[in-house]
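Asks: Take this structure first; my questions come after.
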Amino acid sequence: MSFEMNRRRMLYVTGGALTAGACGIESTEEPDRASVPGAIAAAGTEYPVAVGESALCCGNAVDTAVTTALTAGVTELPACGIAGYGGHMVIAMADGRITAIDYNSVAPAAMRRDIFTPDANGAVPDAHDHGWLSAGVPGTIAGMQLALEKYGTKTFTEALQPAIKAAREGFEIPETVAGYILRAQEVLTKDPASQRLLFPGGKPLTAGALFRNPELADVLETLAEANSVEPFYRGDIGEKIAQAFQDNGGILTASDMEEYAASEVEPVHIEWRGYDIYTAPLTAGGATSLEAVNILKALGWENLSNEDEQNHARLEALRIAWRDRLTLFGDPAKVDVPLGRLMSDSYAERMAERVRQAINRREPQRIATQSREQNGTVHISCVDAAGNMVAMTLTHGVNFGARVTVDGLGLILGHGMSRFDPNPRHPNSPGSRKKPLHNMCPTIVMRDGKPVLAVGGRGGRRIPSAIVDVLVNYIGLDRTMEESIDAPRMVTQGGLNVQCDDKWSEEGKEYLAKIGYEVSDSQSARMSAAAVDPSSGATAAVWR
């Protein structure tokens, strides 16, 4: 299957649409519009766009999202994988049911809080970012099966078939992936199994090369025969994964694999202007976005007098939310996180007053945080003809994750442990059987009990800010999905640095710089969304 480089394509059909892409790579063939009964947008996918289209024609939104994600786990080598560290998804059924699935990675039982402690100069060990200590129990595959069992119509065996085909028969390496391989070459080639997989004959895979992973195909066929992930966690595959860790200086054991399970969890929820917003709970990143939106709600953001004030308010609300995230958040099963207080109306009102004062003074609040560059992930937003919706994000972490491969299984491992804060006294410090915080924010918006928008993104710490930007446009300013995705976005991690994408006006950037921010140009997270018009049933999807 080949793909053409374009910036974006959108298809709009009453009752059906499909769009998908990653770094501008999409299918060149438009689907038969009568055969596409819904909409899917996938930020961070290439080959899986055709798989998503096919699945959407013969299953519901959950079937489609899971089938697409499993295929992406084979083809999206840098961004995610069958052994990717995991993520979260939010599912909204047309009958009003809404839930979330947590398939985040879990630390091995032997994980210590001081394992990645910075040295006297503040340098964090390389083992925090890549290598066998940076990987925990892979969660992605367990989350896919749980979602299908609970809310899909296909079997796990059926959903695996396109992924098996991609691994067995192969697919063309896109130029973007070839570039990522070259940039990660120094670390990848230190791992013998990664070198054999990605550097055949000692040379890196090049754009257009046909890539096959027969060992991974064998793994997937074993799971398909069992119609279950049991062999992956509690069978021969799990034992081989654990043994690879032990053979290479890791601390994950067979017991850690056996104990893992994805779980169904309650989304975080707020209401604004007649819309209900639901996002994945901690340890996902959505609470940061919704805390900021709750502050803007208390401020009456949509009624501010001009665009400069609205931009300043968005930035200040996000800075507060990032401060709280980076100082107070961790795995709520292991540490006390005051999320109820942070999401309360009283807290939002107090923070809104601080934002109001900053706007009146035309200066930033005194908030200092530490920035950290994080990228990667795949996000899938999907709606079917019945109105069921899925927002799903999955990842390796930074490109190629731990940058190690389980020999004989063709499984590249994610580096979920890198999402722990290396400071042993931090709430998000490493710990035994603890889940790290991540930045993925799959989000669904409902109105009158019906899902109307699914949205999420790829881009690490850029995602929470981008979610806020989309929501304030869609809900706060009554804009369409397309207008909300196309609106200017900013990136902040709580400090004075703010990055503005290419949609920003020079006047808007100059205002922020004039009142005290360090403004630079940079791209936001890559966002994808799917929407349905409750009155007409028309569906659409978009990514940018």
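For the structure tokens, the naming scheme is as follows: chains receive sequential letters (A, B, ...) according to their order of presentation, residues are indexed from 1 within each chain, and ligands are indexed from 1 in presentation order.
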Based on DSSP run over this structure's backbone, return all residues of segment 117-333 of chain A in strand (DSSP E or B), as a VMD selection string.

Replies: chain A and resid 137 171 to 172 210 to 211 263 to 265 268 to 272 275 to 279

Asks: Can those selected residues be exported to a file as a compact mmCIF listing (two decimals), in the first residue's frame so that it contains all heavy atoms?

Replies:
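Result file is result-v1.txt:
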# COMPACT_ATOMS: atom_id res chain seq x y z
N VAL A 137 5.53 -2.64 32.34
CA VAL A 137 4.64 -3.62 31.72
C VAL A 137 3.89 -2.96 30.56
O VAL A 137 3.25 -1.92 30.75
CB VAL A 137 3.63 -4.18 32.74
CG1 VAL A 137 2.76 -5.25 32.08
CG2 VAL A 137 4.34 -4.75 33.96
N PHE A 171 4.74 -3.66 4.67
CA PHE A 171 4.23 -2.36 4.25
C PHE A 171 5.44 -1.48 3.92
O PHE A 171 6.56 -1.74 4.37
CB PHE A 171 3.38 -1.72 5.34
CG PHE A 171 4.10 -1.56 6.66
CD1 PHE A 171 4.76 -0.37 6.97
CD2 PHE A 171 4.13 -2.60 7.57
CE1 PHE A 171 5.44 -0.24 8.17
CE2 PHE A 171 4.81 -2.47 8.78
CZ PHE A 171 5.46 -1.29 9.08
N GLU A 172 5.20 -0.45 3.14
CA GLU A 172 6.28 0.44 2.74
C GLU A 172 6.63 1.41 3.87
O GLU A 172 5.74 1.99 4.50
CB GLU A 172 5.89 1.23 1.49
CG GLU A 172 5.78 0.38 0.24
CD GLU A 172 5.43 1.20 -0.98
OE1 GLU A 172 5.46 2.45 -0.87
OE2 GLU A 172 5.13 0.60 -2.02
N LEU A 210 10.14 -2.26 1.69
CA LEU A 210 9.08 -3.11 2.21
C LEU A 210 9.55 -3.71 3.53
O LEU A 210 10.56 -4.41 3.60
CB LEU A 210 8.76 -4.24 1.23
CG LEU A 210 7.60 -5.16 1.63
CD1 LEU A 210 6.29 -4.39 1.63
CD2 LEU A 210 7.52 -6.37 0.70
N PHE A 211 8.83 -3.42 4.60
CA PHE A 211 9.21 -3.88 5.94
C PHE A 211 8.26 -4.98 6.40
O PHE A 211 7.05 -4.80 6.44
CB PHE A 211 9.16 -2.72 6.93
CG PHE A 211 9.47 -3.13 8.35
CD1 PHE A 211 10.76 -3.45 8.74
CD2 PHE A 211 8.45 -3.21 9.29
CE1 PHE A 211 11.04 -3.83 10.04
CE2 PHE A 211 8.72 -3.59 10.60
CZ PHE A 211 10.03 -3.90 10.98
N SER A 263 -8.14 -1.57 32.84
CA SER A 263 -9.32 -1.38 33.70
C SER A 263 -10.27 -0.35 33.12
O SER A 263 -9.86 0.58 32.42
CB SER A 263 -8.89 -0.96 35.11
OG SER A 263 -8.13 0.22 35.07
N GLU A 264 -11.54 -0.52 33.42
CA GLU A 264 -12.55 0.47 33.08
C GLU A 264 -12.65 1.46 34.22
O GLU A 264 -12.78 1.08 35.38
CB GLU A 264 -13.89 -0.20 32.81
CG GLU A 264 -14.94 0.75 32.26
CD GLU A 264 -16.19 0.03 31.79
OE1 GLU A 264 -16.35 -1.18 32.08
OE2 GLU A 264 -17.02 0.69 31.11
N VAL A 265 -12.58 2.75 33.91
CA VAL A 265 -12.52 3.79 34.94
C VAL A 265 -13.51 4.90 34.60
O VAL A 265 -13.97 5.03 33.47
CB VAL A 265 -11.10 4.36 35.08
CG1 VAL A 265 -10.16 3.32 35.67
CG2 VAL A 265 -10.56 4.85 33.73
N VAL A 268 -13.14 11.98 34.04
CA VAL A 268 -13.26 13.28 34.69
C VAL A 268 -14.27 14.10 33.89
O VAL A 268 -14.28 14.07 32.66
CB VAL A 268 -11.90 14.00 34.72
CG1 VAL A 268 -12.03 15.38 35.38
CG2 VAL A 268 -10.87 13.16 35.46
N HIS A 269 -15.11 14.85 34.59
CA HIS A 269 -16.24 15.51 33.92
C HIS A 269 -16.42 16.93 34.42
O HIS A 269 -16.31 17.19 35.63
CB HIS A 269 -17.53 14.72 34.18
CG HIS A 269 -18.78 15.48 33.84
ND1 HIS A 269 -19.68 15.90 34.80
CD2 HIS A 269 -19.29 15.91 32.65
CE1 HIS A 269 -20.69 16.53 34.23
NE2 HIS A 269 -20.48 16.54 32.92
N ILE A 270 -16.66 17.87 33.52
CA ILE A 270 -17.16 19.19 33.87
C ILE A 270 -18.25 19.57 32.88
O ILE A 270 -18.35 19.00 31.79
CB ILE A 270 -16.07 20.28 33.89
CG1 ILE A 270 -15.49 20.51 32.48
CG2 ILE A 270 -14.98 19.97 34.89
CD1 ILE A 270 -14.59 21.74 32.40
N GLU A 271 -19.07 20.55 33.27
CA GLU A 271 -20.13 21.06 32.38
C GLU A 271 -19.82 22.52 32.07
O GLU A 271 -19.35 23.26 32.92
CB GLU A 271 -21.49 20.94 33.07
CG GLU A 271 -22.67 21.41 32.23
CD GLU A 271 -22.90 22.91 32.32
OE1 GLU A 271 -22.50 23.52 33.35
OE2 GLU A 271 -23.45 23.50 31.36
N TRP A 272 -20.08 22.91 30.81
CA TRP A 272 -19.85 24.31 30.42
C TRP A 272 -20.80 24.66 29.29
O TRP A 272 -20.81 24.00 28.26
CB TRP A 272 -18.39 24.51 30.00
CG TRP A 272 -18.01 25.94 29.71
CD1 TRP A 272 -18.59 27.06 30.23
CD2 TRP A 272 -16.96 26.40 28.86
NE1 TRP A 272 -17.96 28.20 29.75
CE2 TRP A 272 -16.95 27.82 28.92
CE3 TRP A 272 -16.01 25.75 28.06
CZ2 TRP A 272 -16.05 28.59 28.20
CZ3 TRP A 272 -15.11 26.53 27.35
CH2 TRP A 272 -15.13 27.93 27.43
N TYR A 275 -22.84 21.99 27.59
CA TYR A 275 -22.09 20.83 27.10
C TYR A 275 -21.48 20.09 28.30
O TYR A 275 -21.09 20.70 29.30
CB TYR A 275 -20.95 21.25 26.17
CG TYR A 275 -21.39 21.81 24.85
CD1 TYR A 275 -21.66 23.17 24.71
CD2 TYR A 275 -21.51 20.99 23.73
CE1 TYR A 275 -22.05 23.70 23.48
CE2 TYR A 275 -21.89 21.51 22.50
CZ TYR A 275 -22.16 22.86 22.39
OH TYR A 275 -22.54 23.37 21.17
N ASP A 276 -21.38 18.78 28.18
CA ASP A 276 -20.69 17.96 29.17
C ASP A 276 -19.38 17.48 28.55
O ASP A 276 -19.37 16.86 27.48
CB ASP A 276 -21.54 16.76 29.58
CG ASP A 276 -22.74 17.17 30.40
OD1 ASP A 276 -22.55 17.48 31.59
OD2 ASP A 276 -23.86 17.22 29.85
N ILE A 277 -18.27 17.76 29.23
CA ILE A 277 -16.94 17.41 28.74
C ILE A 277 -16.40 16.26 29.59
O ILE A 277 -16.37 16.36 30.82
CB ILE A 277 -15.97 18.60 28.81
CG1 ILE A 277 -16.61 19.84 28.21
CG2 ILE A 277 -14.66 18.26 28.11
CD1 ILE A 277 -15.79 21.12 28.46
N TYR A 278 -15.97 15.20 28.94
CA TYR A 278 -15.43 14.03 29.62
C TYR A 278 -14.03 13.73 29.10
O TYR A 278 -13.80 13.70 27.88
CB TYR A 278 -16.31 12.80 29.38
CG TYR A 278 -17.70 12.91 29.95
CD1 TYR A 278 -18.73 13.48 29.21
CD2 TYR A 278 -18.00 12.43 31.24
CE1 TYR A 278 -20.02 13.58 29.72
CE2 TYR A 278 -19.29 12.52 31.76
CZ TYR A 278 -20.28 13.09 30.99
OH TYR A 278 -21.56 13.19 31.50
N THR A 279 -13.11 13.49 30.00
CA THR A 279 -11.77 13.12 29.60
C THR A 279 -11.26 12.00 30.49
O THR A 279 -11.83 11.72 31.55
CB THR A 279 -10.82 14.33 29.66
OG1 THR A 279 -9.59 14.01 28.98
CG2 THR A 279 -10.49 14.72 31.09

Asks: Please provide as number ranges by chain all residues within 10 Å of Lys150 of chain A, with the sequence filter that same-chain residues fewer than 4 positions apart are discarded (counting only C-alpha atoms).

Replies: A: 62, 145-146, 264

Asks: Please dump the current selection as a short mmCIF file (atom, residue, chain, number, x, y, z; two decimals), in the first residue's frame; keep N, CA and C atoms.

Replies:
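And here's selection-v1.cif as it stands now:
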data_model
loop_
_atom_site.label_atom_id
_atom_site.label_comp_id
_atom_site.auth_asym_id
_atom_site.auth_seq_id
_atom_site.Cartn_x
_atom_site.Cartn_y
_atom_site.Cartn_z
N VAL A 62 -16.09 1.49 18.29
CA VAL A 62 -15.08 0.80 19.12
C VAL A 62 -14.31 -0.20 18.27
N GLN A 145 -8.23 -5.18 23.93
CA GLN A 145 -9.15 -6.30 24.13
C GLN A 145 -10.29 -5.92 25.07
N LEU A 146 -9.98 -5.20 26.16
CA LEU A 146 -11.03 -4.83 27.11
C LEU A 146 -12.10 -3.96 26.45
N GLU A 264 -11.54 -0.52 33.42
CA GLU A 264 -12.55 0.47 33.08
C GLU A 264 -12.65 1.46 34.22
#

Asks: Rounded to one decimal place, report the atom CA of Phe156 of chain A-atom CA of Ala529 of chain A distance in Å.

Replies: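 Those two atoms sit 25.1 Å apart.
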
Asks: Write out as number ranges by chain which residues come within 8 Å of segment 292-305 of chain A when counting only C-alpha atoms, dropping same-chain ones fewer than 3 positions away.

Replies: A: 270, 272, 288-289, 309-310, 313-314, 317-318, 320-321, 343, 345, 348-349, 351-353, 355-356, 468, 471-472, 476-477

Asks: Residues as selected, C-alpha atoms, written as a PDB file, in the first residue's frame, can you do that?

Replies:
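The file below, again_29.pdb, is the result:
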ATOM      1  CA  ILE A 270     -17.162  19.192  33.873  1.00  0.00           C
ATOM      2  CA  TRP A 272     -19.851  24.306  30.425  1.00  0.00           C
ATOM      3  CA  THR A 288      -4.905  19.397  33.465  1.00  0.00           C
ATOM      4  CA  SER A 289      -6.941  20.529  30.459  1.00  0.00           C
ATOM      5  CA  GLU A 309      -7.621  39.311  26.920  1.00  0.00           C
ATOM      6  CA  GLN A 310      -9.006  35.913  25.932  1.00  0.00           C
ATOM      7  CA  ALA A 313      -6.682  34.334  30.160  1.00  0.00           C
ATOM      8  CA  ARG A 314      -6.216  30.992  28.377  1.00  0.00           C
ATOM      9  CA  ALA A 317      -5.450  29.306  33.339  1.00  0.00           C
ATOM     10  CA  LEU A 318      -3.175  26.755  31.688  1.00  0.00           C
ATOM     11  CA  ILE A 320      -2.128  27.385  36.947  1.00  0.00           C
ATOM     12  CA  ALA A 321      -3.211  23.931  35.804  1.00  0.00           C
ATOM     13  CA  MET A 343     -11.748  20.633  40.066  1.00  0.00           C
ATOM     14  CA  ASP A 345     -16.155  25.439  41.675  1.00  0.00           C
ATOM     15  CA  ALA A 348     -11.974  27.604  39.997  1.00  0.00           C
ATOM     16  CA  GLU A 349     -13.452  30.876  41.230  1.00  0.00           C
ATOM     17  CA  MET A 351      -8.047  30.933  40.400  1.00  0.00           C
ATOM     18  CA  ALA A 352     -10.293  32.893  38.028  1.00  0.00           C
ATOM     19  CA  GLU A 353      -9.869  35.940  40.228  1.00  0.00           C
ATOM     20  CA  VAL A 355      -6.388  35.341  36.215  1.00  0.00           C
ATOM     21  CA  ARG A 356      -8.608  38.427  36.175  1.00  0.00           C
ATOM     22  CA  VAL A 468      -7.986  23.580  25.840  1.00  0.00           C
ATOM     23  CA  LEU A 471     -12.585  23.254  23.604  1.00  0.00           C
ATOM     24  CA  VAL A 472     -12.700  27.013  24.164  1.00  0.00           C
ATOM     25  CA  GLY A 476     -16.818  28.933  24.421  1.00  0.00           C
ATOM     26  CA  LEU A 477     -17.152  30.581  21.012  1.00  0.00           C
TER      27      LEU A 477
END

Asks: Which one is closest to Leu394 of chain A: A:Cys80, A:Leu290, A:Leu252, A:Leu411? Count only C-alpha atoms.

Replies: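 Distance minimum relative to Leu394 of chain A lands on A:Cys80.
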
Asks: Measure the distance from atom CA of Leu223 of chain A to atom CA of Ala163 of chain A in Å and round it to one decimal.

Replies: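 We find that atom CA of Leu223 of chain A and atom CA of Ala163 of chain A lie 11.6 Å from each other.
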
Asks: Using only C-alpha atoms, can you tell me which of A:Met490, A:Ala385, A:Met440, A:Ala69 comes closest to Val532 of chain A?

Replies: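 For Val532 of chain A, the nearest of the candidates is A:Ala385.
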
Asks: Could you please determine the separation between atom CA of Val106 of chain A and atom CA of Asp63 of chain A in Å, to one decimal place?

Replies: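 Computing the Euclidean distance for atom CA of Val106 of chain A and atom CA of Asp63 of chain A yields 25.4 Å.
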
Asks: Determine, counting only C-alpha atoms, which protein, DNA and RNA residues have an atom within 12 Å of an atom of Glu258 of chain A; residues of the same chain fewer than 3 positions away are not included. Present the result as a list in words.

Replies: Val106, Pro108, Ala109, Val137, Pro138, Gly139, Ala142, Val229, Glu230, Pro231, Phe232, Tyr233, Arg234, Gly235, Asp236, Ile237, Gly238, Glu239, Ile241, Ala242, Leu252, Thr253, Ala254, Ser255, Ala261 and Ala262 of chain A

Asks: Could those selected residues go to a file with N, CA, C and O atoms, as an mmCIF file, in the first residue's frame?

Replies:
data_model
loop_
_atom_site.group_PDB
_atom_site.id
_atom_site.type_symbol
_atom_site.label_atom_id
_atom_site.label_comp_id
_atom_site.auth_asym_id
_atom_site.auth_seq_id
_atom_site.Cartn_x
_atom_site.Cartn_y
_atom_site.Cartn_z
ATOM 1 N N VAL A 106 2.467 -0.082 33.941
ATOM 2 C CA VAL A 106 2.669 -0.217 35.389
ATOM 3 C C VAL A 106 4.132 -0.545 35.639
ATOM 4 O O VAL A 106 4.739 -1.343 34.911
ATOM 5 N N PRO A 108 7.387 -2.228 37.346
ATOM 6 C CA PRO A 108 7.650 -3.530 37.976
ATOM 7 C C PRO A 108 7.607 -3.434 39.501
ATOM 8 O O PRO A 108 7.824 -2.361 40.074
ATOM 9 N N ALA A 109 7.349 -4.550 40.149
ATOM 10 C CA ALA A 109 7.298 -4.570 41.617
ATOM 11 C C ALA A 109 8.621 -4.134 42.224
ATOM 12 O O ALA A 109 8.655 -3.559 43.320
ATOM 13 N N VAL A 137 5.532 -2.643 32.336
ATOM 14 C CA VAL A 137 4.643 -3.625 31.720
ATOM 15 C C VAL A 137 3.894 -2.962 30.565
ATOM 16 O O VAL A 137 3.254 -1.922 30.750
ATOM 17 N N PRO A 138 3.960 -3.513 29.344
ATOM 18 C CA PRO A 138 3.216 -2.925 28.222
ATOM 19 C C PRO A 138 1.714 -3.046 28.447
ATOM 20 O O PRO A 138 1.219 -4.114 28.806
ATOM 21 N N GLY A 139 0.970 -1.949 28.219
ATOM 22 C CA GLY A 139 -0.457 -1.980 28.499
ATOM 23 C C GLY A 139 -1.370 -1.920 27.291
ATOM 24 O O GLY A 139 -2.551 -2.265 27.383
ATOM 25 N N ALA A 142 -3.711 -4.951 26.125
ATOM 26 C CA ALA A 142 -4.760 -5.293 27.090
ATOM 27 C C ALA A 142 -5.928 -4.320 26.987
ATOM 28 O O ALA A 142 -7.104 -4.715 27.100
ATOM 29 N N VAL A 229 -5.607 -11.817 25.089
ATOM 30 C CA VAL A 229 -4.233 -11.383 25.388
ATOM 31 C C VAL A 229 -3.583 -12.268 26.453
ATOM 32 O O VAL A 229 -2.457 -11.996 26.866
ATOM 33 N N GLU A 230 -4.251 -13.319 26.874
ATOM 34 C CA GLU A 230 -3.701 -14.176 27.935
ATOM 35 C C GLU A 230 -2.284 -14.663 27.635
ATOM 36 O O GLU A 230 -1.413 -14.613 28.511
ATOM 37 N N PRO A 231 -1.989 -15.140 26.420
ATOM 38 C CA PRO A 231 -0.610 -15.590 26.173
ATOM 39 C C PRO A 231 0.415 -14.473 26.304
ATOM 40 O O PRO A 231 1.589 -14.726 26.593
ATOM 41 N N PHE A 232 -0.016 -13.238 26.070
ATOM 42 C CA PHE A 232 0.895 -12.096 26.139
ATOM 43 C C PHE A 232 1.293 -11.794 27.578
ATOM 44 O O PHE A 232 2.435 -11.427 27.860
ATOM 45 N N TYR A 233 0.358 -11.953 28.495
ATOM 46 C CA TYR A 233 0.621 -11.605 29.892
ATOM 47 C C TYR A 233 0.833 -12.823 30.792
ATOM 48 O O TYR A 233 1.625 -12.749 31.746
ATOM 49 N N ARG A 234 0.150 -13.909 30.511
ATOM 50 C CA ARG A 234 0.182 -15.046 31.421
ATOM 51 C C ARG A 234 0.492 -16.358 30.700
ATOM 52 O O ARG A 234 0.060 -17.430 31.119
ATOM 53 N N GLY A 235 1.253 -16.243 29.607
ATOM 54 C CA GLY A 235 1.613 -17.423 28.832
ATOM 55 C C GLY A 235 3.044 -17.343 28.347
ATOM 56 O O GLY A 235 3.882 -16.612 28.902
ATOM 57 N N ASP A 236 3.329 -18.079 27.286
ATOM 58 C CA ASP A 236 4.701 -18.167 26.788
ATOM 59 C C ASP A 236 5.251 -16.820 26.340
ATOM 60 O O ASP A 236 6.433 -16.528 26.557
ATOM 61 N N ILE A 237 4.421 -16.007 25.712
ATOM 62 C CA ILE A 237 4.902 -14.700 25.251
ATOM 63 C C ILE A 237 5.312 -13.835 26.433
ATOM 64 O O ILE A 237 6.389 -13.213 26.431
ATOM 65 N N GLY A 238 4.475 -13.807 27.462
ATOM 66 C CA GLY A 238 4.803 -13.030 28.656
ATOM 67 C C GLY A 238 6.081 -13.493 29.320
ATOM 68 O O GLY A 238 6.890 -12.682 29.793
ATOM 69 N N GLU A 239 6.285 -14.796 29.350
ATOM 70 C CA GLU A 239 7.512 -15.336 29.950
ATOM 71 C C GLU A 239 8.734 -14.915 29.145
ATOM 72 O O GLU A 239 9.790 -14.583 29.712
ATOM 73 N N ILE A 241 8.985 -12.188 27.271
ATOM 74 C CA ILE A 241 9.193 -10.758 27.509
ATOM 75 C C ILE A 241 9.927 -10.545 28.824
ATOM 76 O O ILE A 241 10.916 -9.803 28.898
ATOM 77 N N ALA A 242 9.452 -11.210 29.880
ATOM 78 C CA ALA A 242 10.093 -11.066 31.190
ATOM 79 C C ALA A 242 11.538 -11.554 31.162
ATOM 80 O O ALA A 242 12.429 -10.928 31.751
ATOM 81 N N LEU A 252 11.783 -6.072 35.329
ATOM 82 C CA LEU A 252 10.451 -6.640 35.147
ATOM 83 C C LEU A 252 10.522 -8.158 35.195
ATOM 84 O O LEU A 252 11.437 -8.772 34.643
ATOM 85 N N THR A 253 9.547 -8.786 35.847
ATOM 86 C CA THR A 253 9.504 -10.234 36.005
ATOM 87 C C THR A 253 8.228 -10.817 35.404
ATOM 88 O O THR A 253 7.292 -10.091 35.044
ATOM 89 N N ALA A 254 8.181 -12.132 35.331
ATOM 90 C CA ALA A 254 6.974 -12.813 34.843
ATOM 91 C C ALA A 254 5.785 -12.491 35.733
ATOM 92 O O ALA A 254 4.651 -12.364 35.246
ATOM 93 N N SER A 255 6.017 -12.323 37.019
ATOM 94 C CA SER A 255 4.938 -11.971 37.939
ATOM 95 C C SER A 255 4.357 -10.598 37.609
ATOM 96 O O SER A 255 3.138 -10.386 37.685
ATOM 97 N N ALA A 261 -3.489 -5.839 34.296
ATOM 98 C CA ALA A 261 -4.811 -5.844 33.665
ATOM 99 C C ALA A 261 -5.204 -4.416 33.339
ATOM 100 O O ALA A 261 -4.991 -3.506 34.145
ATOM 101 N N ALA A 262 -5.758 -4.193 32.160
ATOM 102 C CA ALA A 262 -6.378 -2.905 31.847
ATOM 103 C C ALA A 262 -7.653 -2.788 32.670
ATOM 104 O O ALA A 262 -8.203 -3.789 33.145
#

Asks: I'd like the contact shell of Gly208 of chain A - 9 Å cut-off, only C-alpha atoms, skipping same-chain residues fewer than 5 positions apart - returned as a list in words.

Replies: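 Here the answer would be Ser2, Phe171, Glu172, Ile173, Pro174, Glu175 and Ala178 of chain A.
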
Asks: Would you kindly return, as a PyMOL selection string, each protein, DNA or RNA residue with an atom no farther than 12 Å from any atom of Ala79 of chain A, considering only C-alpha atoms and excluding same-chain residues fewer than 2 positions away?

Replies: chain A and resi 22-23+43-46+69+72-77+81-86+176-177+180-181+374-379+393-403+412-415+458-460

Asks: Between A:Gln370, A:Asn104, A:Thr480, A:Ser528, which one has atoms that come closest to Gly495 of chain A, using only C-alpha atoms?

Replies: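 Nearest to Gly495 of chain A: A:Gln370.
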
Asks: Run DSSP on the backbone and tell me which residues of segment 440-519 of chain A come out as alpha helix (DSSP H); list them as a list of chain:residue names.

Replies: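 Matching residues for alpha helix (DSSP H) in segment 440-519 of chain A are A:Ile463, A:Pro464, A:Ser465, A:Ala466, A:Ile467, A:Val468, A:Asp469, A:Val470, A:Leu471, A:Met481, A:Glu482, A:Glu483, A:Ser484, A:Ile485, A:Asp486, A:Glu506, A:Glu507, A:Gly508, A:Lys509, A:Glu510, A:Tyr511, A:Leu512, A:Ala513, A:Lys514.
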
Asks: From the set A:Val519, A:Ala531, A:Ala159, A:Leu339, which residue has the shortest atom-to-atom contact distance to Gly52 of chain A, counting only C-alpha atoms?

Replies: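 Of A:Val519, A:Ala531, A:Ala159, A:Leu339, the one nearest Gly52 of chain A is A:Ala159, counting only C-alpha atoms.
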
Asks: Looking at only C-alpha atoms, which of A:Arg168, A:Arg366, A:His312, A:Arg461 is the one that sits closest to Glu215 of chain A?

Replies: A:Arg168
